[in-house]
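Colleague: Next comes model.cif, mmCIF, N, CA and C atoms:
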```
data_entry
#
loop_
_atom_site.label_atom_id
_atom_site.label_comp_id
_atom_site.auth_asym_id
_atom_site.auth_seq_id
_atom_site.Cartn_x
_atom_site.Cartn_y
_atom_site.Cartn_z
N MET D 1 -223.24 -161.29 63.05
CA MET D 1 -223.33 -162.66 63.58
C MET D 1 -222.09 -162.97 64.40
N ASP D 2 -222.28 -163.52 65.56
CA ASP D 2 -221.21 -163.82 66.49
C ASP D 2 -220.69 -165.24 66.26
N LYS D 3 -219.42 -165.36 65.89
CA LYS D 3 -218.81 -166.67 65.61
C LYS D 3 -218.90 -167.62 66.82
N ALA D 4 -218.76 -167.05 68.03
CA ALA D 4 -218.80 -167.88 69.25
C ALA D 4 -220.16 -168.55 69.43
N MET D 5 -221.17 -168.03 68.75
CA MET D 5 -222.53 -168.56 68.91
C MET D 5 -222.86 -169.63 67.88
N GLN D 6 -221.98 -169.87 66.91
CA GLN D 6 -222.27 -170.90 65.90
C GLN D 6 -222.43 -172.26 66.55
N GLY D 7 -223.47 -172.97 66.12
CA GLY D 7 -223.72 -174.30 66.67
C GLY D 7 -224.50 -174.27 67.97
N LYS D 8 -224.76 -173.06 68.51
CA LYS D 8 -225.51 -172.94 69.77
C LYS D 8 -227.00 -172.86 69.45
N SER D 9 -227.81 -173.40 70.36
CA SER D 9 -229.25 -173.31 70.17
C SER D 9 -229.92 -173.03 71.50
N ILE D 10 -231.08 -172.40 71.41
CA ILE D 10 -231.82 -172.08 72.62
C ILE D 10 -233.30 -172.37 72.38
N LEU D 11 -233.94 -172.92 73.39
CA LEU D 11 -235.39 -173.12 73.35
C LEU D 11 -236.00 -171.99 74.18
N VAL D 12 -236.77 -171.13 73.52
CA VAL D 12 -237.44 -170.03 74.20
C VAL D 12 -238.88 -170.46 74.47
N VAL D 13 -239.20 -170.64 75.76
CA VAL D 13 -240.55 -171.04 76.16
C VAL D 13 -241.22 -169.79 76.70
N GLU D 14 -242.08 -169.19 75.88
CA GLU D 14 -242.67 -167.89 76.20
C GLU D 14 -244.04 -167.80 75.53
N ASP D 15 -245.09 -167.55 76.33
CA ASP D 15 -246.44 -167.48 75.76
C ASP D 15 -246.80 -166.09 75.25
N GLU D 16 -246.02 -165.09 75.60
CA GLU D 16 -246.27 -163.73 75.10
C GLU D 16 -245.64 -163.62 73.72
N GLN D 17 -246.49 -163.67 72.67
CA GLN D 17 -246.00 -163.76 71.29
C GLN D 17 -245.02 -162.67 70.91
N ALA D 18 -245.29 -161.41 71.30
CA ALA D 18 -244.43 -160.29 70.91
C ALA D 18 -243.02 -160.49 71.48
N LEU D 19 -242.93 -160.90 72.73
CA LEU D 19 -241.62 -161.11 73.35
C LEU D 19 -240.93 -162.32 72.73
N GLN D 20 -241.69 -163.40 72.50
CA GLN D 20 -241.12 -164.59 71.87
C GLN D 20 -240.51 -164.23 70.52
N GLU D 21 -241.25 -163.48 69.71
CA GLU D 21 -240.77 -163.08 68.37
C GLU D 21 -239.54 -162.18 68.46
N ALA D 22 -239.55 -161.22 69.39
CA ALA D 22 -238.43 -160.29 69.55
C ALA D 22 -237.16 -161.05 69.96
N LEU D 23 -237.30 -161.97 70.91
CA LEU D 23 -236.15 -162.77 71.34
C LEU D 23 -235.64 -163.62 70.18
N LYS D 24 -236.56 -164.24 69.46
CA LYS D 24 -236.16 -165.09 68.33
C LYS D 24 -235.39 -164.28 67.29
N LEU D 25 -235.91 -163.12 66.94
CA LEU D 25 -235.29 -162.27 65.94
C LEU D 25 -233.87 -161.86 66.37
N LYS D 26 -233.74 -161.36 67.59
CA LYS D 26 -232.45 -160.86 68.07
C LYS D 26 -231.44 -161.99 68.25
N LEU D 27 -231.86 -163.12 68.76
CA LEU D 27 -230.94 -164.25 68.97
C LEU D 27 -230.53 -164.87 67.63
N THR D 28 -231.47 -164.95 66.69
CA THR D 28 -231.17 -165.50 65.36
C THR D 28 -230.12 -164.63 64.66
N LYS D 29 -230.24 -163.29 64.83
CA LYS D 29 -229.26 -162.36 64.24
C LYS D 29 -227.85 -162.63 64.76
N GLU D 30 -227.76 -163.17 65.96
CA GLU D 30 -226.47 -163.47 66.58
C GLU D 30 -225.92 -164.82 66.11
N GLY D 31 -226.69 -165.50 65.26
CA GLY D 31 -226.22 -166.79 64.74
C GLY D 31 -226.64 -167.97 65.61
N ILE D 32 -227.58 -167.73 66.51
CA ILE D 32 -228.06 -168.77 67.42
C ILE D 32 -229.32 -169.39 66.84
N GLU D 33 -229.39 -170.72 66.85
CA GLU D 33 -230.61 -171.39 66.41
C GLU D 33 -231.64 -171.25 67.52
N VAL D 34 -232.83 -170.78 67.16
CA VAL D 34 -233.87 -170.54 68.16
C VAL D 34 -235.06 -171.46 67.90
N LEU D 35 -235.38 -172.25 68.92
CA LEU D 35 -236.60 -173.07 68.90
C LEU D 35 -237.59 -172.34 69.80
N THR D 36 -238.87 -172.35 69.47
CA THR D 36 -239.83 -171.65 70.31
C THR D 36 -240.99 -172.56 70.70
N ALA D 37 -241.50 -172.29 71.90
CA ALA D 37 -242.69 -172.98 72.40
C ALA D 37 -243.53 -171.96 73.14
N SER D 38 -244.84 -172.01 72.95
CA SER D 38 -245.74 -171.08 73.63
C SER D 38 -246.38 -171.71 74.86
N THR D 39 -246.24 -173.03 75.01
CA THR D 39 -246.80 -173.73 76.17
C THR D 39 -245.76 -174.70 76.72
N GLY D 40 -245.98 -175.10 77.96
CA GLY D 40 -245.11 -176.08 78.58
C GLY D 40 -245.15 -177.41 77.84
N GLU D 41 -246.35 -177.78 77.38
CA GLU D 41 -246.50 -179.04 76.66
C GLU D 41 -245.69 -179.04 75.37
N GLU D 42 -245.72 -177.90 74.65
CA GLU D 42 -244.93 -177.77 73.42
C GLU D 42 -243.45 -177.92 73.72
N ALA D 43 -243.01 -177.29 74.79
CA ALA D 43 -241.59 -177.34 75.17
C ALA D 43 -241.16 -178.79 75.43
N ILE D 44 -241.97 -179.51 76.15
CA ILE D 44 -241.65 -180.91 76.48
C ILE D 44 -241.61 -181.76 75.21
N GLU D 45 -242.54 -181.49 74.27
CA GLU D 45 -242.54 -182.22 72.99
C GLU D 45 -241.24 -181.96 72.23
N ILE D 46 -240.82 -180.70 72.16
CA ILE D 46 -239.58 -180.34 71.45
C ILE D 46 -238.39 -181.05 72.09
N LEU D 47 -238.36 -181.08 73.42
CA LEU D 47 -237.23 -181.67 74.14
C LEU D 47 -237.16 -183.19 73.98
N LYS D 48 -238.22 -183.80 73.47
CA LYS D 48 -238.18 -185.24 73.21
C LYS D 48 -237.28 -185.56 72.02
N THR D 49 -237.15 -184.59 71.10
CA THR D 49 -236.37 -184.86 69.88
C THR D 49 -235.16 -183.94 69.72
N ARG D 50 -235.10 -182.86 70.48
CA ARG D 50 -234.00 -181.90 70.36
C ARG D 50 -233.37 -181.64 71.71
N ARG D 51 -232.07 -181.33 71.71
CA ARG D 51 -231.41 -180.93 72.94
C ARG D 51 -230.70 -179.60 72.70
N PRO D 52 -231.38 -178.49 73.05
CA PRO D 52 -230.76 -177.18 72.85
C PRO D 52 -229.61 -176.97 73.84
N THR D 53 -228.78 -175.97 73.57
CA THR D 53 -227.68 -175.63 74.47
C THR D 53 -228.25 -175.07 75.78
N LEU D 54 -229.36 -174.33 75.67
CA LEU D 54 -229.94 -173.60 76.80
C LEU D 54 -231.45 -173.50 76.63
N VAL D 55 -232.16 -173.43 77.76
CA VAL D 55 -233.61 -173.20 77.72
C VAL D 55 -233.90 -171.89 78.45
N SER D 56 -234.67 -171.02 77.79
CA SER D 56 -235.18 -169.80 78.43
C SER D 56 -236.64 -170.09 78.75
N LEU D 57 -236.97 -170.08 80.02
CA LEU D 57 -238.28 -170.60 80.46
C LEU D 57 -239.09 -169.55 81.22
N ASP D 58 -240.28 -169.28 80.74
CA ASP D 58 -241.22 -168.41 81.45
C ASP D 58 -241.91 -169.26 82.52
N ILE D 59 -242.29 -168.63 83.62
CA ILE D 59 -242.99 -169.38 84.69
C ILE D 59 -244.50 -169.36 84.46
N LEU D 60 -245.02 -168.20 84.06
CA LEU D 60 -246.47 -168.07 83.88
C LEU D 60 -246.86 -168.49 82.47
N LEU D 61 -247.24 -169.74 82.34
CA LEU D 61 -247.65 -170.31 81.05
C LEU D 61 -249.07 -170.86 81.19
N PRO D 62 -249.80 -170.94 80.07
CA PRO D 62 -251.15 -171.52 80.14
C PRO D 62 -251.08 -173.01 80.51
N ARG D 63 -252.05 -173.49 81.23
CA ARG D 63 -252.17 -174.89 81.66
C ARG D 63 -250.98 -175.36 82.51
N MET D 64 -249.90 -175.77 81.89
CA MET D 64 -248.73 -176.29 82.63
C MET D 64 -247.75 -175.14 82.86
N ASN D 65 -247.49 -174.79 84.13
CA ASN D 65 -246.61 -173.65 84.38
C ASN D 65 -245.13 -174.02 84.23
N GLY D 66 -244.29 -172.99 84.23
CA GLY D 66 -242.85 -173.18 84.01
C GLY D 66 -242.18 -174.07 85.05
N LEU D 67 -242.65 -174.01 86.29
CA LEU D 67 -242.04 -174.86 87.32
C LEU D 67 -242.34 -176.34 87.04
N GLU D 68 -243.54 -176.62 86.50
CA GLU D 68 -243.86 -178.00 86.13
C GLU D 68 -243.00 -178.46 84.95
N VAL D 69 -242.76 -177.54 84.00
CA VAL D 69 -241.89 -177.86 82.86
C VAL D 69 -240.48 -178.15 83.38
N LEU D 70 -240.01 -177.29 84.29
CA LEU D 70 -238.68 -177.46 84.88
C LEU D 70 -238.56 -178.80 85.61
N ARG D 71 -239.59 -179.16 86.36
CA ARG D 71 -239.59 -180.44 87.07
C ARG D 71 -239.50 -181.59 86.06
N ASN D 72 -240.26 -181.48 84.97
CA ASN D 72 -240.25 -182.49 83.91
C ASN D 72 -238.84 -182.62 83.30
N ILE D 73 -238.19 -181.47 83.05
CA ILE D 73 -236.83 -181.47 82.49
C ILE D 73 -235.88 -182.18 83.45
N ARG D 74 -235.97 -181.86 84.73
CA ARG D 74 -235.05 -182.43 85.72
C ARG D 74 -235.29 -183.92 85.98
N GLU D 75 -236.52 -184.38 85.77
CA GLU D 75 -236.84 -185.79 86.02
C GLU D 75 -236.52 -186.68 84.83
N ASN D 76 -236.27 -186.08 83.67
CA ASN D 76 -235.99 -186.85 82.45
C ASN D 76 -234.49 -187.10 82.34
N PRO D 77 -234.07 -188.37 82.24
CA PRO D 77 -232.64 -188.68 82.16
C PRO D 77 -231.93 -188.03 80.96
N LYS D 78 -232.69 -187.72 79.90
CA LYS D 78 -232.09 -187.10 78.72
C LYS D 78 -231.87 -185.59 78.89
N THR D 79 -232.62 -184.97 79.79
CA THR D 79 -232.55 -183.50 79.90
C THR D 79 -232.25 -183.00 81.31
N TYR D 80 -232.02 -183.91 82.27
CA TYR D 80 -231.89 -183.50 83.67
C TYR D 80 -230.80 -182.46 83.91
N ASP D 81 -229.75 -182.44 83.06
CA ASP D 81 -228.64 -181.52 83.26
C ASP D 81 -228.66 -180.32 82.30
N LEU D 82 -229.77 -180.13 81.61
CA LEU D 82 -229.91 -179.05 80.65
C LEU D 82 -229.91 -177.70 81.38
N PRO D 83 -229.07 -176.73 80.95
CA PRO D 83 -229.08 -175.42 81.60
C PRO D 83 -230.38 -174.67 81.29
N VAL D 84 -231.02 -174.17 82.35
CA VAL D 84 -232.29 -173.45 82.21
C VAL D 84 -232.17 -172.08 82.88
N VAL D 85 -232.58 -171.04 82.14
CA VAL D 85 -232.67 -169.69 82.68
C VAL D 85 -234.14 -169.34 82.73
N VAL D 86 -234.62 -168.94 83.90
CA VAL D 86 -236.01 -168.51 84.00
C VAL D 86 -236.07 -167.03 83.62
N VAL D 87 -236.98 -166.69 82.70
CA VAL D 87 -237.22 -165.30 82.30
C VAL D 87 -238.72 -165.09 82.51
N SER D 88 -239.08 -164.38 83.58
CA SER D 88 -240.48 -164.32 83.97
C SER D 88 -240.86 -162.99 84.59
N VAL D 89 -242.13 -162.64 84.55
CA VAL D 89 -242.62 -161.47 85.27
C VAL D 89 -242.83 -161.84 86.74
N SER D 90 -242.92 -163.11 86.99
CA SER D 90 -243.19 -163.60 88.33
C SER D 90 -241.90 -163.63 89.15
N GLY D 91 -241.80 -162.69 90.10
CA GLY D 91 -240.56 -162.59 90.85
C GLY D 91 -240.69 -162.78 92.35
N GLY D 92 -241.71 -163.53 92.78
CA GLY D 92 -241.88 -163.78 94.21
C GLY D 92 -240.73 -164.62 94.75
N GLN D 93 -240.28 -164.30 95.97
CA GLN D 93 -239.16 -165.02 96.58
C GLN D 93 -239.37 -166.54 96.60
N GLU D 94 -240.61 -166.96 96.87
CA GLU D 94 -240.91 -168.39 96.96
C GLU D 94 -240.68 -169.08 95.61
N LYS D 95 -241.18 -168.46 94.53
CA LYS D 95 -241.00 -169.03 93.19
C LYS D 95 -239.52 -169.06 92.80
N ILE D 96 -238.80 -167.98 93.12
CA ILE D 96 -237.38 -167.90 92.79
C ILE D 96 -236.63 -169.01 93.54
N LYS D 97 -236.94 -169.16 94.82
CA LYS D 97 -236.28 -170.19 95.63
C LYS D 97 -236.57 -171.59 95.07
N GLN D 98 -237.84 -171.79 94.73
CA GLN D 98 -238.27 -173.07 94.18
C GLN D 98 -237.53 -173.38 92.88
N ALA D 99 -237.41 -172.38 92.00
CA ALA D 99 -236.72 -172.57 90.72
C ALA D 99 -235.24 -172.89 90.96
N PHE D 100 -234.57 -172.14 91.83
CA PHE D 100 -233.16 -172.40 92.10
C PHE D 100 -232.95 -173.77 92.74
N SER D 101 -233.95 -174.23 93.50
CA SER D 101 -233.83 -175.56 94.11
C SER D 101 -233.85 -176.66 93.04
N MET D 102 -234.33 -176.30 91.83
CA MET D 102 -234.35 -177.25 90.72
C MET D 102 -233.20 -176.96 89.76
N ASN D 103 -232.16 -176.35 90.27
CA ASN D 103 -230.90 -176.23 89.55
C ASN D 103 -230.95 -175.37 88.28
N ILE D 104 -231.59 -174.20 88.38
CA ILE D 104 -231.55 -173.28 87.22
C ILE D 104 -230.23 -172.50 87.27
N VAL D 105 -229.83 -171.91 86.14
CA VAL D 105 -228.58 -171.17 86.12
C VAL D 105 -228.78 -169.68 86.40
N ASP D 106 -230.00 -169.16 86.18
CA ASP D 106 -230.28 -167.77 86.51
C ASP D 106 -231.79 -167.53 86.49
N TYR D 107 -232.20 -166.43 87.11
CA TYR D 107 -233.62 -166.06 87.17
C TYR D 107 -233.70 -164.58 86.82
N LEU D 108 -234.25 -164.26 85.65
CA LEU D 108 -234.38 -162.87 85.21
C LEU D 108 -235.83 -162.43 85.33
N ILE D 109 -236.05 -161.32 86.02
CA ILE D 109 -237.41 -160.78 86.13
C ILE D 109 -237.58 -159.77 84.99
N LYS D 110 -238.51 -160.07 84.09
CA LYS D 110 -238.68 -159.30 82.84
C LYS D 110 -238.70 -157.79 83.05
N SER D 111 -239.42 -157.33 84.07
CA SER D 111 -239.58 -155.88 84.26
C SER D 111 -238.26 -155.19 84.62
N GLU D 112 -237.26 -155.95 85.03
CA GLU D 112 -235.98 -155.36 85.43
C GLU D 112 -234.98 -155.25 84.28
N TYR D 113 -235.36 -155.76 83.09
CA TYR D 113 -234.43 -155.79 81.96
C TYR D 113 -235.09 -155.31 80.68
N LYS D 114 -234.31 -154.64 79.83
CA LYS D 114 -234.75 -154.35 78.47
C LYS D 114 -234.53 -155.62 77.66
N ILE D 115 -235.17 -155.73 76.51
CA ILE D 115 -235.03 -156.92 75.67
C ILE D 115 -233.56 -157.18 75.31
N GLU D 116 -232.82 -156.11 75.01
CA GLU D 116 -231.39 -156.27 74.67
C GLU D 116 -230.61 -156.88 75.82
N ASP D 117 -230.97 -156.46 77.06
CA ASP D 117 -230.28 -157.00 78.24
C ASP D 117 -230.57 -158.48 78.41
N ILE D 118 -231.82 -158.87 78.16
CA ILE D 118 -232.18 -160.29 78.27
C ILE D 118 -231.39 -161.08 77.22
N VAL D 119 -231.34 -160.56 75.99
CA VAL D 119 -230.58 -161.24 74.92
C VAL D 119 -229.11 -161.37 75.32
N ASN D 120 -228.53 -160.30 75.86
CA ASN D 120 -227.12 -160.35 76.26
C ASN D 120 -226.89 -161.35 77.39
N LYS D 121 -227.81 -161.40 78.35
CA LYS D 121 -227.70 -162.38 79.44
C LYS D 121 -227.77 -163.80 78.89
N LEU D 122 -228.70 -164.04 77.96
CA LEU D 122 -228.84 -165.37 77.37
C LEU D 122 -227.57 -165.74 76.59
N LYS D 123 -227.00 -164.76 75.88
CA LYS D 123 -225.75 -165.01 75.14
C LYS D 123 -224.62 -165.37 76.10
N GLU D 124 -224.54 -164.64 77.23
CA GLU D 124 -223.52 -164.94 78.25
C GLU D 124 -223.66 -166.39 78.72
N MET D 125 -224.90 -166.81 78.96
CA MET D 125 -225.14 -168.18 79.42
C MET D 125 -224.73 -169.19 78.33
N LEU D 126 -225.08 -168.88 77.08
CA LEU D 126 -224.74 -169.78 75.97
C LEU D 126 -223.23 -169.96 75.85
N GLU D 127 -222.47 -168.90 76.14
CA GLU D 127 -221.01 -168.99 76.06
C GLU D 127 -220.44 -169.95 77.10
N LYS D 128 -221.14 -170.07 78.23
CA LYS D 128 -220.67 -170.92 79.33
C LYS D 128 -220.85 -172.41 79.07
N TYR D 129 -221.79 -172.74 78.18
CA TYR D 129 -222.14 -174.15 77.98
C TYR D 129 -221.78 -174.60 76.58
N PRO D 130 -221.20 -175.81 76.47
CA PRO D 130 -220.80 -176.32 75.15
C PRO D 130 -222.00 -176.72 74.30
#
```
For the file at hand, write its structure as structure tokens.

Modeller:
Amino acid sequence: MDKAMQGKSILVVEDEQALQEALKLKLTKEGIEVLTASTGEEAIEILKTRRPTLVSLDILLPRMNGLEVLRNIRENPKTYDLPVVVVSVSGGQEKIKQAFSMNIVDYLIKSEYKIEDIVNKLKEMLEKYP
């Protein structure tokens, strides 16, 4: 367990159950509180009552996509400045540009990283934010 991670929390918005579980397990082992949502609607509900240190957001979600969730986060006075990292299989230039225009901190394309690398990137981001 990493002492620097105590008190840190992350909301993992991921509809692929296996990946969601793997991220939760690895991040929890690091001492990070992990909240999970499988849909954009679930994520928005969680954010009404909780403010995690960081949000890991998939773009391809059922019904409400990640960009809509991101727009919702940015339009809400309680969450507009929340750090968001996109972790998605969707790596088209247009989507990446659109996400960065909504003030994300990073965009990770799943196929370019092993699960450990994604966890390490998320930990790096968590260290940057109080």

Colleague: Find the residues near Gly31 (chain D): any atom within 6 Å, counting only N, CA and C atoms, skip ones fewer than 2 places away on the same chain, and give them as a ChimeraX atom specification.

Modeller: /D:1-2,5-7,27-29,33

Colleague: If you measure from atom N of Ser38 (chain D) to atom N of Glu16 (chain D), what distance in Å do you get, rounded to one decimal?

Modeller: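 Those two atoms sit 7.5 Å apart.
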
Colleague: Let me make sure I understand: among D:Gln93, D:Ser88, D:Thr79, D:Ser9, which one has the smallest atom-to-atom distance to Pro52 (chain D) if we use all atoms listed in the file?

Modeller: D:Ser9

Colleague: I'd like the neighbourhood of Ser90 (chain D) as JSON, numbers by chain, where a residue qualifies if any of its atoms comes within 7 Å (using only C-alpha atoms), though same-chain residues fewer than 2 positions away should be ignored.

Modeller: {"D": [59, 88, 92, 109]}

Colleague: Under the rule that only C-alpha atoms are counted, which of D:Lys78, D:Lys26, D:Lys128, D:Lys95 is the nearest residue to Gly66 (chain D)?

Modeller: D:Lys95

Colleague: To verify the selection step, state as a list in words which residues the PyMOL selection byres ((chain D and resi 54-56) around 5) yields on this input.

Modeller: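 Checked against the file, the PyMOL selection byres ((chain D and resi 54-56) around 5) matches Ser9, Ile10, Leu11, Val12, Val13, Pro52, Thr53, Leu57, Asp58, Pro83, Val84 and Val85 of chain D.
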
Colleague: When distances are computed from all atoms listed in the file, which of D:Met125, D:Asn103, D:Val69, D:Pro77 shows the smallest separation from Ala43 (chain D)?

Modeller: D:Val69

Colleague: Go ahead and fit an axis-aligned box to every listed atom of region 22-33 of chain D plus 4 Å each side, and pass me the centre and edge lengths in Å, one decimal, as lines of an AutoDock Vina configuration file.

Modeller:
```
center_x = -232.7
center_y = -165.8
center_z = 67.8
size_x = 21.6
size_y = 19.1
size_z = 15.1
```

Colleague: One number please: CA of Val89 (chain D) to CA of Lys110 (chain D), in Å, one decimal.

Modeller: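 Separation between CA of Val89 (chain D) and CA of Lys110 (chain D): 5.1 Å.
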
Colleague: What is the distance between CA of Ala18 (chain D) and CA of Tyr80 (chain D), in Å to one decimal?

Modeller: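 Separation of CA of Ala18 (chain D) and CA of Tyr80 (chain D): 29.3 Å.
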
Colleague: Let me make sure I understand: among D:Val34, D:Glu94, D:Glu75, D:Phe100, which one has the smallest atom-to-atom distance to Ala22 (chain D) if we use only C-alpha atoms?

Modeller: D:Val34
